[in-house]
Amino acid sequence: MIELAPNLTLIPIQENNAELVLPLMTRCYPPVYAHMWQDESSWYLNNTYHREQVLCDAQRQDAPYYLVKWKEDYAGILWYKMHDQSPDFPEVPAFKLQRIYLHPDTHGNGIGRAIMDYVSDKARTLGKDLIWLEAMDTQLTAHMFYKKMGYRPTGFYQLDFTRMYPNYRGMVRMSKML
């Protein structure tokens with residue numbers, strides 16, 4: 001358990017709590033992303049956040065995966081990869097913020113900023129010079145937040161999810177030099 005601030009804790013995903021991720025993401029993801037999917041995101045959620053997949057992802061030694069607990073409730077997830085090179089800067093020692101999702105009701109409480117500060121500190125401790133992430137190109141609120149945190153667009157690509165409407169498949173890679 002990692003305490004980031006009073007009432008804000010990262011709890012490692014393990015055997016005893018992995019089943020919490022799917023119901024949590026079923027609350028966090030659809031309010032922001034369901035409109036992008038033909039099935040309102042059920043395929044993505046059920047394939048990405050079922051217990052076995054989450055445990056598989058969490059077993060990587062170089063990729064800690066956490067539940068974010070705020071006050072008394074789970075508010076989202078954090079997953080990062082400590083040694084994942086950026087396609088835009090392959091020669092630079094890099095750290096990838098793989099996933100950060102927070103329930104929309106928690107936005108504006110400093111949770112995202114505290115998590116991003118933790119990620120930056122972790123990357124610096126590991127001797128990384130760059131943090132990078134991927135975001136939907138249509139999620140302008142997320143882009144504004146990442147820009148406030150020092151990230152800049154560095155690359156673009158398209159997802160190949162056929163269940164996602166084509167006009168929402170665009171992704172932007174954003175990077176921050178440390």
# chains A, B, ... in the order shown; residues from 1 in each chain; ligands from 1
>>> residues_around(residues="Gln59 of chain A", least_positions_apart="2", cutoff="12 Å", atoms="only C-alpha atoms", output="ChimeraX atom specification")
/A:12-15,18,52-57,61-66,79,81
>>> write_last_selection(atoms="C-alpha atoms", output="PDB file, in the first residue's frame")
ATOM      1  CA  PRO A  12      -1.426  -3.271  -5.368  1.00  0.00           C
ATOM      2  CA  ILE A  13      -3.700  -5.540  -7.367  1.00  0.00           C
ATOM      3  CA  GLN A  14      -3.318  -9.118  -6.164  1.00  0.00           C
ATOM      4  CA  GLU A  15      -5.269 -12.375  -6.010  1.00  0.00           C
ATOM      5  CA  ALA A  18      -8.375  -8.465  -8.672  1.00  0.00           C
ATOM      6  CA  GLU A  52      -7.609 -13.377 -15.076  1.00  0.00           C
ATOM      7  CA  GLN A  53      -6.417 -10.639 -17.443  1.00  0.00           C
ATOM      8  CA  VAL A  54      -5.888  -8.178 -14.611  1.00  0.00           C
ATOM      9  CA  LEU A  55      -3.888 -10.757 -12.641  1.00  0.00           C
ATOM     10  CA  CYS A  56      -1.815 -11.554 -15.715  1.00  0.00           C
ATOM     11  CA  ASP A  57      -1.066  -7.848 -16.219  1.00  0.00           C
ATOM     12  CA  GLN A  61       7.572  -7.378 -12.130  1.00  0.00           C
ATOM     13  CA  ASP A  62       8.313  -4.211 -14.101  1.00  0.00           C
ATOM     14  CA  ALA A  63       4.678  -3.087 -14.364  1.00  0.00           C
ATOM     15  CA  PRO A  64       2.946  -2.380 -11.044  1.00  0.00           C
ATOM     16  CA  TYR A  65      -0.852  -2.255 -11.220  1.00  0.00           C
ATOM     17  CA  TYR A  66      -2.911  -0.534  -8.526  1.00  0.00           C
ATOM     18  CA  TRP A  79      -0.832   0.808 -14.191  1.00  0.00           C
ATOM     19  CA  LYS A  81       5.559   0.060 -17.067  1.00  0.00           C
TER      20      LYS A  81
END
>>> closest_residue(among="A:Phe89, A:Arg113, A:His103, A:Asn46", to="Thr154 of chain A", atoms="only C-alpha atoms")
A:Phe89
>>> closest_atom_pairs(of="segment 29-52 of chain A", to="segment 158-167 of chain A", cutoff="8 Å", atoms="only C-alpha atoms", output="JSON lines")
{"residue": "A:Met36", "atom": "CA", "partner": "A:Tyr165", "partner_atom": "CA", "distance": 5.7}
{"residue": "A:Trp37", "atom": "CA", "partner": "A:Met164", "partner_atom": "CA", "distance": 4.3}
{"residue": "A:Gln38", "atom": "CA", "partner": "A:Arg163", "partner_atom": "CA", "distance": 5.6}
{"residue": "A:Asp39", "atom": "CA", "partner": "A:Arg163", "partner_atom": "CA", "distance": 7.2}
{"residue": "A:Trp43", "atom": "CA", "partner": "A:Arg163", "partner_atom": "CA", "distance": 8.0}
>>> select_by_dssp(residues="segment 7-160 of chain A", states="strand (DSSP E or B)", output="PyMOL selection string")
chain A and resi 8-12+37+65-70+73-81+94-102+130-136+152-158
>>> write_last_selection(atoms="C-alpha atoms", output="tab-separated table (two decimals), in the first residue's frame")
chain	number	residue	atom	x	y	z
A	8	LEU	CA	-5.48	8.76	-1.21
A	9	THR	CA	-3.86	5.34	-1.41
A	10	LEU	CA	-2.54	3.00	-4.10
A	11	ILE	CA	-3.31	-0.63	-3.35
A	12	PRO	CA	-1.43	-3.27	-5.37
A	37	TRP	CA	-18.11	1.79	-28.90
A	65	TYR	CA	-0.85	-2.26	-11.22
A	66	TYR	CA	-2.91	-0.53	-8.53
A	67	LEU	CA	-6.39	0.20	-7.34
A	68	VAL	CA	-6.73	3.86	-6.44
A	69	LYS	CA	-8.56	4.34	-3.16
A	70	TRP	CA	-9.85	7.76	-2.27
A	73	ASP	CA	-14.04	4.06	-1.95
A	74	TYR	CA	-12.13	2.77	-4.93
A	75	ALA	CA	-11.88	5.64	-7.40
A	76	GLY	CA	-9.89	4.15	-10.29
A	77	ILE	CA	-6.80	2.31	-11.44
A	78	LEU	CA	-3.15	3.03	-12.16
A	79	TRP	CA	-0.83	0.81	-14.19
A	80	TYR	CA	2.64	1.75	-15.35
A	81	LYS	CA	5.56	0.06	-17.07
A	94	ALA	CA	11.61	5.80	-20.66
A	95	PHE	CA	8.73	4.96	-18.36
A	96	LYS	CA	5.21	4.39	-19.69
A	97	LEU	CA	2.06	5.40	-17.91
A	98	GLN	CA	0.03	2.49	-19.27
A	99	ARG	CA	-3.36	3.27	-17.71
A	100	ILE	CA	-4.82	5.82	-15.40
A	101	TYR	CA	-8.57	5.96	-15.03
A	102	LEU	CA	-10.45	7.81	-12.34
A	130	LEU	CA	11.03	10.44	-20.26
A	131	ILE	CA	7.49	9.47	-19.31
A	132	TRP	CA	5.01	8.73	-22.06
A	133	LEU	CA	1.37	7.78	-22.34
A	134	GLU	CA	-1.35	7.24	-24.90
A	135	ALA	CA	-4.73	8.98	-24.95
A	136	MET	CA	-7.75	9.03	-27.23
A	152	ARG	CA	3.23	17.27	-25.12
A	153	PRO	CA	1.93	15.38	-28.18
A	154	THR	CA	4.72	13.39	-29.82
A	155	GLY	CA	3.01	10.84	-32.06
A	156	PHE	CA	-0.27	9.61	-33.48
A	157	TYR	CA	-1.75	6.27	-34.54
A	158	GLN	CA	-5.07	4.48	-35.07
>>> select_by_dssp(residues="segment 56-172 of chain A", states="helix (DSSP H, G or I)", output="ChimeraX atom specification")
/A:56-58,104-106,111-125,140-148,166-168
>>> closest_residue(among="A:Leu4, A:Met25, A:Leu178, A:Val32", to="Ile111 of chain A", atoms="only C-alpha atoms")
A:Leu4
>>> residues_around(residues="Phe145 of chain A", least_positions_apart="4", cutoff="12 Å", atoms="only C-alpha atoms", output="list in words")
His107, Gly108, Gly110, Ile111, Gly112, Arg113, Met116, Ala135, Gln139, Leu140, Thr141, Met149, Gly150, Tyr151, Arg152 and Met174 of chain A
